[in-house]
Amino acid sequence: MTVLYTDVVSRSTTWNFAKLLLRWKGSLWKVIWAELVLWLLIYTLVSLMYRLLLNCDQREQFENFVKFWSQYTGESFVPLTFILGFFVSLVVDRWWSMYQCMGSTETVATLVASYIEGSDEETITVKRNIIRYMVLTQAMMYLKISFGVRKCYPNLEALRNAGLINEIELKTMEETDSPNSKHWMPIYWSMSLIKQAKRDGKIESDSDSFVVDLYARLREYKNNLSNVNSYMCVPIPLAYTQVVFLAVRLYFLIALFANQYLNFNNTVGGVDLCPRNLTATSSSSSSNKAPEFEVRFGVDLFFPFATVVQFFFYVGWVKVAESLFNPFGGDDDDFEVVELLAKNLQNGLLIVDGAFNKTPAQIRDPYSKTGSDAPFPPTKHRSFLDVPITAIKRGVNRIQDTAVNQFHEVKNSRHLSLHPSQPKLTTEIS
């Protein structure tokens with residue numbers, strides 16, 4: 001089932017996208033957790049063996065083995081970024097092309113309801129059968145390539161039980177001798193019904209373009225389904241898929257040893273496991289170790305943090321391609337083909353059976369001639385602080401008025417203290 005999450009990121013904020021990391025279904029964590037746990041388990045076992053089980057000579061041989069393979073973990077050895085980038089781009093383009101060719105009956109159903117006139121039982125049956133034949137063609141095509149369709153409708157008998165084909169049609173199809181799939185037959189039946197409707201006057205006699213248009217739509221519908229079948233029957237060359245699969249897995253197989261943290265001090269818990277002549281050891285180590293190994297293994301971190309980050313990106317990247325390689329399988333993000341068949345049948349029958357002569361009575365719209373009073377509010381411009389400019393102006397005016405009032409109050413109080421009121425002076429004189 002396709003995982004929907006676009007509503008969560010309705011606004012492009014960091015927090016909205018960060019919440020996606022907490023999703024499980026269809027997430028990066030779900031597709032890589034098993035391989036990551038297995039890789040970490042083997043890495044830990046190798047590390048414990050090196051630190052606790054090997055003797056001094058074996059430890060030295062293991063360290064030389066790690067030094068040897070560490071030079072084959074960079075991009076210069078296997079260009080994973082280039083290999084994965086090209087492969088994922090190819091798979092995504094192929095996946096999107098298949099999605100665009102899956103087929104819908106709504107366009108043809110709208111034209112059938114408009115072109116074929118009549119509300120009698122015979123005409124309604126003809127229009128409904130055209131839509132049913134389209135869905136039957138789609139079901140027969142996906143029966144070969146879709147895991148979900150094969151699970152629900154494993155054969156034509158199951159399609160008969162579902163009502164997509166009746167006994168007479170099934171017998172006619174079985175009587176046709178062909179070593180290949182017969183998904184073209186329902187489309188031929190649809191075209192025959194359209195031609196018969198033209199002869200019976202159910203389509204305007206002077207409008208041959210209606211028949212031509214319907215034929216073109218049915219042909220386009222069938223060609224799209226054939227394109228999907230071609231994508232599945234002629235996949236990306238197997239050798240290239242094997243190259244990508246092996247490149248990523250072998251890279252991390254080598255990393256199991258090449259990215260081990262080496263304990264050159266040979267101490268565990270403060271105990272020297274391999275007491276040697278320090279002078280000889282230092283001289284041999286300085287002559288045998290390249291500068292990059294000294295820097296690389298200078299800190300003993302035990303846990304391979306950097307390699308795990310690489311695992312997230314490289315294995316996650318190839319898992320995306322592997323899940324999109326066959327979008328008609330059983331992964332979380334695969335196409336819902338069974339639901340598509342049900343939707344095409346339901347919407348198509350509803351349109352051809354309920355749209356004829358159902359146009360509502362026409363009255364004028366309530367807007368002015370220019371439509372300037374349409375109920376669409378203008379877009380509000382906001383400042384960089386996401387606060388309306390009018391609100392800022394009101395706030396500034398309110399602060400300004402408060403400051404002016406306080407100034408006048410202070411000024412009046414000073415005036416009264418320096419110049420007492422006149423009645424008080426008159427009383428003192430008297």
# chains A, B, ... in the order shown; residues from 1 in each chain; ligands from 1
call {"tool": "closest_atom_pairs", "arguments": {"of": "region 156-272 of chain A", "to": "region 20-43 of chain A", "cutoff": "12 Å", "atoms": "only C-alpha atoms", "output": "tab-separated table"}}
result
residue	atom	partner	partner_atom	distance
A:Val248	CA	A:Glu35	CA	11.9
A:Arg249	CA	A:Glu35	CA	9.9
A:Leu250	CA	A:Trp39	CA	11.8
A:Tyr251	CA	A:Trp39	CA	11.8
A:Phe252	CA	A:Trp39	CA	8.1
A:Leu253	CA	A:Trp39	CA	8.3
A:Ile254	CA	A:Tyr43	CA	10.7
A:Ala255	CA	A:Tyr43	CA	8.8
A:Leu256	CA	A:Tyr43	CA	5.5
A:Phe257	CA	A:Tyr43	CA	7.7
A:Ala258	CA	A:Tyr43	CA	10.5
A:Asn259	CA	A:Tyr43	CA	9.2
A:Gln260	CA	A:Tyr43	CA	7.9
A:Tyr261	CA	A:Tyr43	CA	10.6
call {"tool": "closest_atom_pairs", "arguments": {"of": "region 51-119 of chain A", "to": "region 207-220 of chain A", "cutoff": "10 Å", "atoms": "only C-alpha atoms", "output": "CSV"}}
result
residue,atom,partner,partner_atom,distance
A:Cys101,CA,A:Glu220,CA,9.5
A:Gly103,CA,A:Glu220,CA,9.2
A:Thr105,CA,A:Leu218,CA,9.4
A:Thr107,CA,A:Arg217,CA,8.2
A:Val108,CA,A:Arg217,CA,6.5
A:Ala109,CA,A:Leu214,CA,9.7
A:Leu111,CA,A:Leu214,CA,7.2
A:Val112,CA,A:Leu214,CA,7.5
A:Ser114,CA,A:Phe210,CA,9.5
A:Tyr115,CA,A:Phe210,CA,6.4
A:Ile116,CA,A:Phe210,CA,9.0
call {"tool": "write_last_selection", "arguments": {"atoms": "N, CA, C and O atoms", "output": "PDB file, in the first residue's frame"}}
result
ATOM      1  N   CYS A 101       1.049   4.872 -17.139  1.00  0.00           N
ATOM      2  CA  CYS A 101       0.401   3.995 -18.116  1.00  0.00           C
ATOM      3  C   CYS A 101      -0.555   2.998 -17.476  1.00  0.00           C
ATOM      4  O   CYS A 101      -1.010   2.059 -18.164  1.00  0.00           O
ATOM      5  N   GLY A 103      -3.673   3.223 -16.522  1.00  0.00           N
ATOM      6  CA  GLY A 103      -4.982   3.228 -17.170  1.00  0.00           C
ATOM      7  C   GLY A 103      -6.120   3.640 -16.267  1.00  0.00           C
ATOM      8  O   GLY A 103      -6.173   3.274 -15.092  1.00  0.00           O
ATOM      9  N   THR A 105     -10.598   4.523 -16.580  1.00  0.00           N
ATOM     10  CA  THR A 105     -11.785   4.426 -17.436  1.00  0.00           C
ATOM     11  C   THR A 105     -12.626   5.699 -17.434  1.00  0.00           C
ATOM     12  O   THR A 105     -13.608   5.768 -18.180  1.00  0.00           O
ATOM     13  N   THR A 107     -12.187   8.851 -18.478  1.00  0.00           N
ATOM     14  CA  THR A 107     -12.263   9.644 -19.714  1.00  0.00           C
ATOM     15  C   THR A 107     -13.145   8.956 -20.753  1.00  0.00           C
ATOM     16  O   THR A 107     -14.029   9.580 -21.353  1.00  0.00           O
ATOM     17  N   VAL A 108     -12.907   7.665 -20.976  1.00  0.00           N
ATOM     18  CA  VAL A 108     -13.716   6.930 -21.945  1.00  0.00           C
ATOM     19  C   VAL A 108     -15.166   6.861 -21.493  1.00  0.00           C
ATOM     20  O   VAL A 108     -16.098   6.990 -22.311  1.00  0.00           O
ATOM     21  N   ALA A 109     -15.402   6.659 -20.196  1.00  0.00           N
ATOM     22  CA  ALA A 109     -16.778   6.584 -19.695  1.00  0.00           C
ATOM     23  C   ALA A 109     -17.518   7.899 -19.925  1.00  0.00           C
ATOM     24  O   ALA A 109     -18.705   7.901 -20.287  1.00  0.00           O
ATOM     25  N   LEU A 111     -16.959  10.084 -22.339  1.00  0.00           N
ATOM     26  CA  LEU A 111     -17.249  10.184 -23.770  1.00  0.00           C
ATOM     27  C   LEU A 111     -18.353   9.218 -24.190  1.00  0.00           C
ATOM     28  O   LEU A 111     -19.212   9.562 -25.013  1.00  0.00           O
ATOM     29  N   VAL A 112     -18.345   8.013 -23.632  1.00  0.00           N
ATOM     30  CA  VAL A 112     -19.400   7.044 -23.961  1.00  0.00           C
ATOM     31  C   VAL A 112     -20.757   7.572 -23.516  1.00  0.00           C
ATOM     32  O   VAL A 112     -21.762   7.477 -24.241  1.00  0.00           O
ATOM     33  N   SER A 114     -21.621  10.585 -23.247  1.00  0.00           N
ATOM     34  CA  SER A 114     -21.990  11.754 -24.049  1.00  0.00           C
ATOM     35  C   SER A 114     -22.318  11.384 -25.492  1.00  0.00           C
ATOM     36  O   SER A 114     -23.253  11.942 -26.078  1.00  0.00           O
ATOM     37  N   TYR A 115     -21.579  10.433 -26.069  1.00  0.00           N
ATOM     38  CA  TYR A 115     -21.739  10.122 -27.482  1.00  0.00           C
ATOM     39  C   TYR A 115     -22.886   9.145 -27.743  1.00  0.00           C
ATOM     40  O   TYR A 115     -23.612   9.281 -28.728  1.00  0.00           O
ATOM     41  N   ILE A 116     -23.030   8.142 -26.894  1.00  0.00           N
ATOM     42  CA  ILE A 116     -24.065   7.117 -27.115  1.00  0.00           C
ATOM     43  C   ILE A 116     -25.324   7.541 -26.367  1.00  0.00           C
ATOM     44  O   ILE A 116     -25.362   7.543 -25.135  1.00  0.00           O
TER      45      ILE A 116
END
call {"tool": "atom_distance", "arguments": {"atom1": "CA of Gly201 (chain A)", "atom2": "CA of Arg128 (chain A)"}}
result
17.8 Å
call {"tool": "closest_residue", "arguments": {"among": "A:Asp57, A:Asp365, A:Glu322, A:Asp373", "to": "Val88 (chain A)", "atoms": "only C-alpha atoms"}}
result
A:Glu322
call {"tool": "atom_distance", "arguments": {"atom1": "CA of Ala355 (chain A)", "atom2": "CA of Ala113 (chain A)"}}
result
6.4 Å
call {"tool": "atom_distance", "arguments": {"atom1": "CA of Asn129 (chain A)", "atom2": "CA of Leu193 (chain A)"}}
result
8.5 Å
call {"tool": "residues_around", "arguments": {"residues": "Gly163 (chain A)", "least_positions_apart": "6", "cutoff": "12 Å", "atoms": "only C-alpha atoms", "output": "NGL selection string"}}
result
:A and (129 or 132-133 or 135-136 or 139 or 153 or 156-157 or 169-170 or 342 or 345)
call {"tool": "select_by_dssp", "arguments": {"residues": "region 51-291 of chain A", "states": "alpha helix (DSSP H)", "output": "ChimeraX atom specification"}}
result
/A:56-70,80-100,106-115,121-145,147-152,156-162,167-175,184-199,208-233,238-258,278-288,291
call {"tool": "residues_around", "arguments": {"residues": "Tyr240 (chain A)", "least_positions_apart": "2", "cutoff": "12 Å", "atoms": "only C-alpha atoms", "output": "PDB file with all heavy atoms, in the first residue's frame"}}
result
ATOM      1  N   ILE A  83      27.614   4.551  -9.439  1.00  0.00           N
ATOM      2  CA  ILE A  83      26.839   3.364  -9.785  1.00  0.00           C
ATOM      3  C   ILE A  83      25.409   3.476  -9.277  1.00  0.00           C
ATOM      4  O   ILE A  83      24.442   3.243 -10.009  1.00  0.00           O
ATOM      5  CB  ILE A  83      27.521   2.103  -9.224  1.00  0.00           C
ATOM      6  CG1 ILE A  83      28.875   1.892  -9.897  1.00  0.00           C
ATOM      7  CG2 ILE A  83      26.646   0.878  -9.410  1.00  0.00           C
ATOM      8  CD1 ILE A  83      29.678   0.748  -9.315  1.00  0.00           C
ATOM      9  N   LEU A  84      25.257   3.853  -8.008  1.00  0.00           N
ATOM     10  CA  LEU A  84      23.921   3.938  -7.424  1.00  0.00           C
ATOM     11  C   LEU A  84      23.111   5.081  -8.011  1.00  0.00           C
ATOM     12  O   LEU A  84      21.909   4.951  -8.230  1.00  0.00           O
ATOM     13  CB  LEU A  84      24.039   4.109  -5.906  1.00  0.00           C
ATOM     14  CG  LEU A  84      24.398   2.851  -5.119  1.00  0.00           C
ATOM     15  CD1 LEU A  84      24.578   3.184  -3.641  1.00  0.00           C
ATOM     16  CD2 LEU A  84      23.341   1.796  -5.277  1.00  0.00           C
ATOM     17  N   PHE A  86      23.190   6.448 -11.036  1.00  0.00           N
ATOM     18  CA  PHE A  86      22.668   6.120 -12.358  1.00  0.00           C
ATOM     19  C   PHE A  86      21.574   5.061 -12.264  1.00  0.00           C
ATOM     20  O   PHE A  86      20.538   5.154 -12.938  1.00  0.00           O
ATOM     21  CB  PHE A  86      23.811   5.635 -13.254  1.00  0.00           C
ATOM     22  CG  PHE A  86      23.395   5.375 -14.664  1.00  0.00           C
ATOM     23  CD1 PHE A  86      23.207   6.412 -15.555  1.00  0.00           C
ATOM     24  CD2 PHE A  86      23.184   4.078 -15.112  1.00  0.00           C
ATOM     25  CE1 PHE A  86      22.819   6.177 -16.859  1.00  0.00           C
ATOM     26  CE2 PHE A  86      22.791   3.822 -16.416  1.00  0.00           C
ATOM     27  CZ  PHE A  86      22.614   4.877 -17.294  1.00  0.00           C
ATOM     28  N   PHE A  87      21.781   4.052 -11.429  1.00  0.00           N
ATOM     29  CA  PHE A  87      20.810   2.959 -11.325  1.00  0.00           C
ATOM     30  C   PHE A  87      19.492   3.450 -10.728  1.00  0.00           C
ATOM     31  O   PHE A  87      18.410   3.133 -11.238  1.00  0.00           O
ATOM     32  CB  PHE A  87      21.398   1.843 -10.462  1.00  0.00           C
ATOM     33  CG  PHE A  87      20.513   0.635 -10.355  1.00  0.00           C
ATOM     34  CD1 PHE A  87      20.312  -0.201 -11.439  1.00  0.00           C
ATOM     35  CD2 PHE A  87      19.862   0.331  -9.165  1.00  0.00           C
ATOM     36  CE1 PHE A  87      19.495  -1.319 -11.348  1.00  0.00           C
ATOM     37  CE2 PHE A  87      19.051  -0.781  -9.051  1.00  0.00           C
ATOM     38  CZ  PHE A  87      18.862  -1.603 -10.151  1.00  0.00           C
ATOM     39  N   VAL A  88      19.558   4.233  -9.654  1.00  0.00           N
ATOM     40  CA  VAL A  88      18.337   4.736  -9.021  1.00  0.00           C
ATOM     41  C   VAL A  88      17.585   5.661  -9.968  1.00  0.00           C
ATOM     42  O   VAL A  88      16.354   5.610 -10.065  1.00  0.00           O
ATOM     43  CB  VAL A  88      18.672   5.450  -7.701  1.00  0.00           C
ATOM     44  CG1 VAL A  88      17.436   6.149  -7.126  1.00  0.00           C
ATOM     45  CG2 VAL A  88      19.214   4.457  -6.677  1.00  0.00           C
ATOM     46  N   LEU A  90      17.566   5.540 -13.218  1.00  0.00           N
ATOM     47  CA  LEU A  90      16.951   4.700 -14.239  1.00  0.00           C
ATOM     48  C   LEU A  90      15.709   4.000 -13.706  1.00  0.00           C
ATOM     49  O   LEU A  90      14.660   3.948 -14.385  1.00  0.00           O
ATOM     50  CB  LEU A  90      17.971   3.666 -14.724  1.00  0.00           C
ATOM     51  CG  LEU A  90      17.530   2.711 -15.836  1.00  0.00           C
ATOM     52  CD1 LEU A  90      17.208   3.483 -17.105  1.00  0.00           C
ATOM     53  CD2 LEU A  90      18.627   1.683 -16.107  1.00  0.00           C
ATOM     54  N   VAL A  91      15.776   3.492 -12.484  1.00  0.00           N
ATOM     55  CA  VAL A  91      14.642   2.772 -11.899  1.00  0.00           C
ATOM     56  C   VAL A  91      13.478   3.724 -11.618  1.00  0.00           C
ATOM     57  O   VAL A  91      12.312   3.383 -11.865  1.00  0.00           O
ATOM     58  CB  VAL A  91      15.084   2.042 -10.614  1.00  0.00           C
ATOM     59  CG1 VAL A  91      13.882   1.490  -9.870  1.00  0.00           C
ATOM     60  CG2 VAL A  91      16.037   0.904 -10.959  1.00  0.00           C
ATOM     61  N   PRO A 235      12.848  -6.103 -18.386  1.00  0.00           N
ATOM     62  CA  PRO A 235      13.355  -5.275 -17.291  1.00  0.00           C
ATOM     63  C   PRO A 235      14.746  -4.731 -17.592  1.00  0.00           C
ATOM     64  O   PRO A 235      15.310  -4.947 -18.674  1.00  0.00           O
ATOM     65  CB  PRO A 235      13.389  -6.256 -16.119  1.00  0.00           C
ATOM     66  CG  PRO A 235      13.621  -7.581 -16.754  1.00  0.00           C
ATOM     67  CD  PRO A 235      12.916  -7.531 -18.086  1.00  0.00           C
ATOM     68  N   ILE A 236      15.298  -4.025 -16.620  1.00  0.00           N
ATOM     69  CA  ILE A 236      16.685  -3.579 -16.714  1.00  0.00           C
ATOM     70  C   ILE A 236      17.582  -4.808 -16.813  1.00  0.00           C
ATOM     71  O   ILE A 236      17.339  -5.819 -16.147  1.00  0.00           O
ATOM     72  CB  ILE A 236      17.042  -2.740 -15.472  1.00  0.00           C
ATOM     73  CG1 ILE A 236      16.166  -1.484 -15.439  1.00  0.00           C
ATOM     74  CG2 ILE A 236      18.510  -2.354 -15.470  1.00  0.00           C
ATOM     75  CD1 ILE A 236      16.315  -0.672 -14.173  1.00  0.00           C
ATOM     76  N   PRO A 237      18.614  -4.786 -17.663  1.00  0.00           N
ATOM     77  CA  PRO A 237      19.467  -5.968 -17.822  1.00  0.00           C
ATOM     78  C   PRO A 237      19.926  -6.542 -16.486  1.00  0.00           C
ATOM     79  O   PRO A 237      20.332  -5.816 -15.582  1.00  0.00           O
ATOM     80  CB  PRO A 237      20.647  -5.437 -18.652  1.00  0.00           C
ATOM     81  CG  PRO A 237      20.063  -4.312 -19.437  1.00  0.00           C
ATOM     82  CD  PRO A 237      19.032  -3.682 -18.560  1.00  0.00           C
ATOM     83  N   LEU A 238      19.844  -7.856 -16.381  1.00  0.00           N
ATOM     84  CA  LEU A 238      20.150  -8.538 -15.134  1.00  0.00           C
ATOM     85  C   LEU A 238      21.578  -8.279 -14.672  1.00  0.00           C
ATOM     86  O   LEU A 238      21.836  -8.137 -13.462  1.00  0.00           O
ATOM     87  CB  LEU A 238      19.915 -10.037 -15.310  1.00  0.00           C
ATOM     88  CG  LEU A 238      20.232 -10.930 -14.106  1.00  0.00           C
ATOM     89  CD1 LEU A 238      19.375 -10.551 -12.915  1.00  0.00           C
ATOM     90  CD2 LEU A 238      20.044 -12.399 -14.473  1.00  0.00           C
ATOM     91  N   GLN A 242      22.787  -7.017 -11.006  1.00  0.00           N
ATOM     92  CA  GLN A 242      23.725  -7.783 -10.186  1.00  0.00           C
ATOM     93  C   GLN A 242      24.938  -6.950  -9.795  1.00  0.00           C
ATOM     94  O   GLN A 242      25.450  -7.084  -8.672  1.00  0.00           O
ATOM     95  CB  GLN A 242      24.169  -9.026 -10.968  1.00  0.00           C
ATOM     96  CG  GLN A 242      23.069 -10.051 -11.161  1.00  0.00           C
ATOM     97  CD  GLN A 242      23.503 -11.182 -12.081  1.00  0.00           C
ATOM     98  OE1 GLN A 242      24.435 -11.029 -12.864  1.00  0.00           O
ATOM     99  NE2 GLN A 242      22.819 -12.323 -11.979  1.00  0.00           N
ATOM    100  N   VAL A 243      25.414  -6.114 -10.705  1.00  0.00           N
ATOM    101  CA  VAL A 243      26.555  -5.252 -10.391  1.00  0.00           C
ATOM    102  C   VAL A 243      26.238  -4.346  -9.202  1.00  0.00           C
ATOM    103  O   VAL A 243      27.027  -4.212  -8.267  1.00  0.00           O
ATOM    104  CB  VAL A 243      26.957  -4.421 -11.627  1.00  0.00           C
ATOM    105  CG1 VAL A 243      27.894  -3.297 -11.233  1.00  0.00           C
ATOM    106  CG2 VAL A 243      27.616  -5.302 -12.666  1.00  0.00           C
ATOM    107  N   VAL A 244      25.066  -3.716  -9.237  1.00  0.00           N
ATOM    108  CA  VAL A 244      24.692  -2.798  -8.156  1.00  0.00           C
ATOM    109  C   VAL A 244      24.524  -3.560  -6.848  1.00  0.00           C
ATOM    110  O   VAL A 244      25.013  -3.124  -5.786  1.00  0.00           O
ATOM    111  CB  VAL A 244      23.395  -2.050  -8.531  1.00  0.00           C
ATOM    112  CG1 VAL A 244      22.921  -1.189  -7.375  1.00  0.00           C
ATOM    113  CG2 VAL A 244      23.615  -1.196  -9.767  1.00  0.00           C
ATOM    114  N   PHE A 245      23.850  -4.683  -6.903  1.00  0.00           N
ATOM    115  CA  PHE A 245      23.627  -5.469  -5.683  1.00  0.00           C
ATOM    116  C   PHE A 245      24.952  -5.925  -5.072  1.00  0.00           C
ATOM    117  O   PHE A 245      25.181  -5.771  -3.860  1.00  0.00           O
ATOM    118  CB  PHE A 245      22.745  -6.678  -6.004  1.00  0.00           C
ATOM    119  CG  PHE A 245      22.400  -7.523  -4.817  1.00  0.00           C
ATOM    120  CD1 PHE A 245      21.277  -7.233  -4.054  1.00  0.00           C
ATOM    121  CD2 PHE A 245      23.194  -8.595  -4.450  1.00  0.00           C
ATOM    122  CE1 PHE A 245      20.951  -8.005  -2.949  1.00  0.00           C
ATOM    123  CE2 PHE A 245      22.881  -9.378  -3.354  1.00  0.00           C
ATOM    124  CZ  PHE A 245      21.760  -9.081  -2.591  1.00  0.00           C
ATOM    125  N   LEU A 246      25.831  -6.473  -5.903  1.00  0.00           N
ATOM    126  CA  LEU A 246      27.101  -6.976  -5.391  1.00  0.00           C
ATOM    127  C   LEU A 246      28.018  -5.848  -4.939  1.00  0.00           C
ATOM    128  O   LEU A 246      28.748  -5.998  -3.949  1.00  0.00           O
ATOM    129  CB  LEU A 246      27.797  -7.811  -6.467  1.00  0.00           C
ATOM    130  CG  LEU A 246      27.166  -9.166  -6.785  1.00  0.00           C
ATOM    131  CD1 LEU A 246      27.906  -9.844  -7.931  1.00  0.00           C
ATOM    132  CD2 LEU A 246      27.191 -10.058  -5.547  1.00  0.00           C
ATOM    133  N   ALA A 247      28.009  -4.720  -5.647  1.00  0.00           N
ATOM    134  CA  ALA A 247      28.903  -3.621  -5.284  1.00  0.00           C
ATOM    135  C   ALA A 247      28.623  -3.133  -3.873  1.00  0.00           C
ATOM    136  O   ALA A 247      29.556  -2.926  -3.084  1.00  0.00           O
ATOM    137  CB  ALA A 247      28.747  -2.471  -6.288  1.00  0.00           C
TER     138      ALA A 247
END
call {"tool": "select_by_dssp", "arguments": {"residues": "region 45-286 of chain A", "states": "strand (DSSP E or B)", "output": "list in words"}}
result
Thr267, Val268, Val271 and Asp272 of chain A
call {"tool": "closest_residue", "arguments": {"among": "A:Thr123, A:Ala361, A:Phe328, A:Arg51", "to": "Lys151 (chain A)", "atoms": "only C-alpha atoms"}}
result
A:Phe328
call {"tool": "residues_around", "arguments": {"residues": "Arg150 (chain A)", "least_positions_apart": "6", "cutoff": "10 Å", "atoms": "only C-alpha atoms", "output": "PyMOL selection string"}}
result
chain A and resi 139-140+142-144+158+338
call {"tool": "residues_around", "arguments": {"residues": "Glu117 (chain A)", "least_positions_apart": "5", "cutoff": "12 Å", "atoms": "only C-alpha atoms", "output": "list in words"}}
result
Leu111, Val112, Glu122, Thr123, Ile124, Val126, Lys127, Ile194, Ala197, Lys198, Asp200, Gly201, Lys202, Ile203, Glu204, Ser205, Phe210, Val352, Asp353, Ala355, Phe356 and Asn357 of chain A
call {"tool": "write_last_selection", "arguments": {"atoms": "C-alpha atoms", "output": "short mmCIF file (atom, residue, chain, number, x, y, z; two decimals), in the first residue's frame"}}
result
data_model
loop_
_atom_site.label_atom_id
_atom_site.label_comp_id
_atom_site.auth_asym_id
_atom_site.auth_seq_id
_atom_site.Cartn_x
_atom_site.Cartn_y
_atom_site.Cartn_z
CA LEU A 111 -17.25 10.18 -23.77
CA VAL A 112 -19.40 7.04 -23.96
CA GLU A 122 -30.37 -2.12 -24.35
CA THR A 123 -28.40 1.13 -24.61
CA ILE A 124 -27.51 1.12 -20.92
CA VAL A 126 -24.10 -1.56 -24.19
CA LYS A 127 -22.50 1.36 -22.35
CA ILE A 194 -19.51 1.15 -30.53
CA ALA A 197 -24.40 1.56 -31.64
CA LYS A 198 -23.53 3.74 -34.64
CA ASP A 200 -28.50 1.44 -34.63
CA GLY A 201 -28.61 5.23 -34.56
CA LYS A 202 -27.59 5.56 -30.91
CA ILE A 203 -24.73 7.79 -32.10
CA GLU A 204 -25.49 10.79 -34.31
CA SER A 205 -25.42 9.65 -37.93
CA PHE A 210 -17.45 10.42 -32.25
CA VAL A 352 -22.24 5.76 -18.14
CA ASP A 353 -25.33 4.71 -16.17
CA ALA A 355 -24.77 10.77 -16.43
CA PHE A 356 -27.22 10.56 -19.37
CA ASN A 357 -29.76 13.42 -19.30
#
call {"tool": "closest_residue", "arguments": {"among": "A:Ser97, A:Ser190, A:Ser70, A:Thr14", "to": "Leu324 (chain A)", "atoms": "only C-alpha atoms"}}
result
A:Ser97
call {"tool": "residues_around", "arguments": {"residues": "Trp184 (chain A)", "least_positions_apart": "3", "cutoff": "8 Å", "atoms": "only C-alpha atoms", "output": "list of chain:residue names"}}
result
A:Thr137, A:Ser181, A:Ile187, A:Tyr188, A:Lys222
call {"tool": "decode", "arguments": {"residues": "region 132-157 of chain A", "atoms": "C-alpha atoms", "output": "mmCIF file, in the first residue's frame"}}
result
data_model
loop_
_atom_site.group_PDB
_atom_site.id
_atom_site.type_symbol
_atom_site.label_atom_id
_atom_site.label_comp_id
_atom_site.auth_asym_id
_atom_site.auth_seq_id
_atom_site.Cartn_x
_atom_site.Cartn_y
_atom_site.Cartn_z
ATOM 1 C CA ARG A 132 -16.651 -3.712 -18.050
ATOM 2 C CA TYR A 133 -14.634 -4.896 -21.043
ATOM 3 C CA MET A 134 -12.068 -2.178 -20.375
ATOM 4 C CA VAL A 135 -11.659 -3.283 -16.757
ATOM 5 C CA LEU A 136 -11.545 -6.930 -17.885
ATOM 6 C CA THR A 137 -8.662 -6.095 -20.248
ATOM 7 C CA GLN A 138 -6.855 -4.349 -17.425
ATOM 8 C CA ALA A 139 -7.415 -7.274 -15.042
ATOM 9 C CA MET A 140 -6.170 -9.822 -17.593
ATOM 10 C CA MET A 141 -3.055 -7.734 -18.229
ATOM 11 C CA TYR A 142 -2.248 -7.283 -14.538
ATOM 12 C CA LEU A 143 -2.970 -10.948 -13.886
ATOM 13 C CA LYS A 144 0.423 -11.703 -15.408
ATOM 14 C CA ILE A 145 2.512 -9.059 -13.620
ATOM 15 C CA SER A 146 0.812 -8.077 -10.359
ATOM 16 C CA PHE A 147 1.220 -10.104 -7.181
ATOM 17 C CA GLY A 148 -1.924 -8.566 -5.657
ATOM 18 C CA VAL A 149 -4.124 -9.331 -8.659
ATOM 19 C CA ARG A 150 -2.875 -12.931 -8.889
ATOM 20 C CA LYS A 151 -3.629 -13.346 -5.197
ATOM 21 C CA CYS A 152 -7.239 -12.142 -5.577
ATOM 22 C CA TYR A 153 -7.972 -13.386 -9.124
ATOM 23 C CA PRO A 154 -5.609 -16.243 -9.991
ATOM 24 C CA ASN A 155 -7.374 -17.185 -13.261
ATOM 25 C CA LEU A 156 -10.255 -16.335 -15.589
ATOM 26 C CA GLU A 157 -12.616 -18.433 -13.497
#
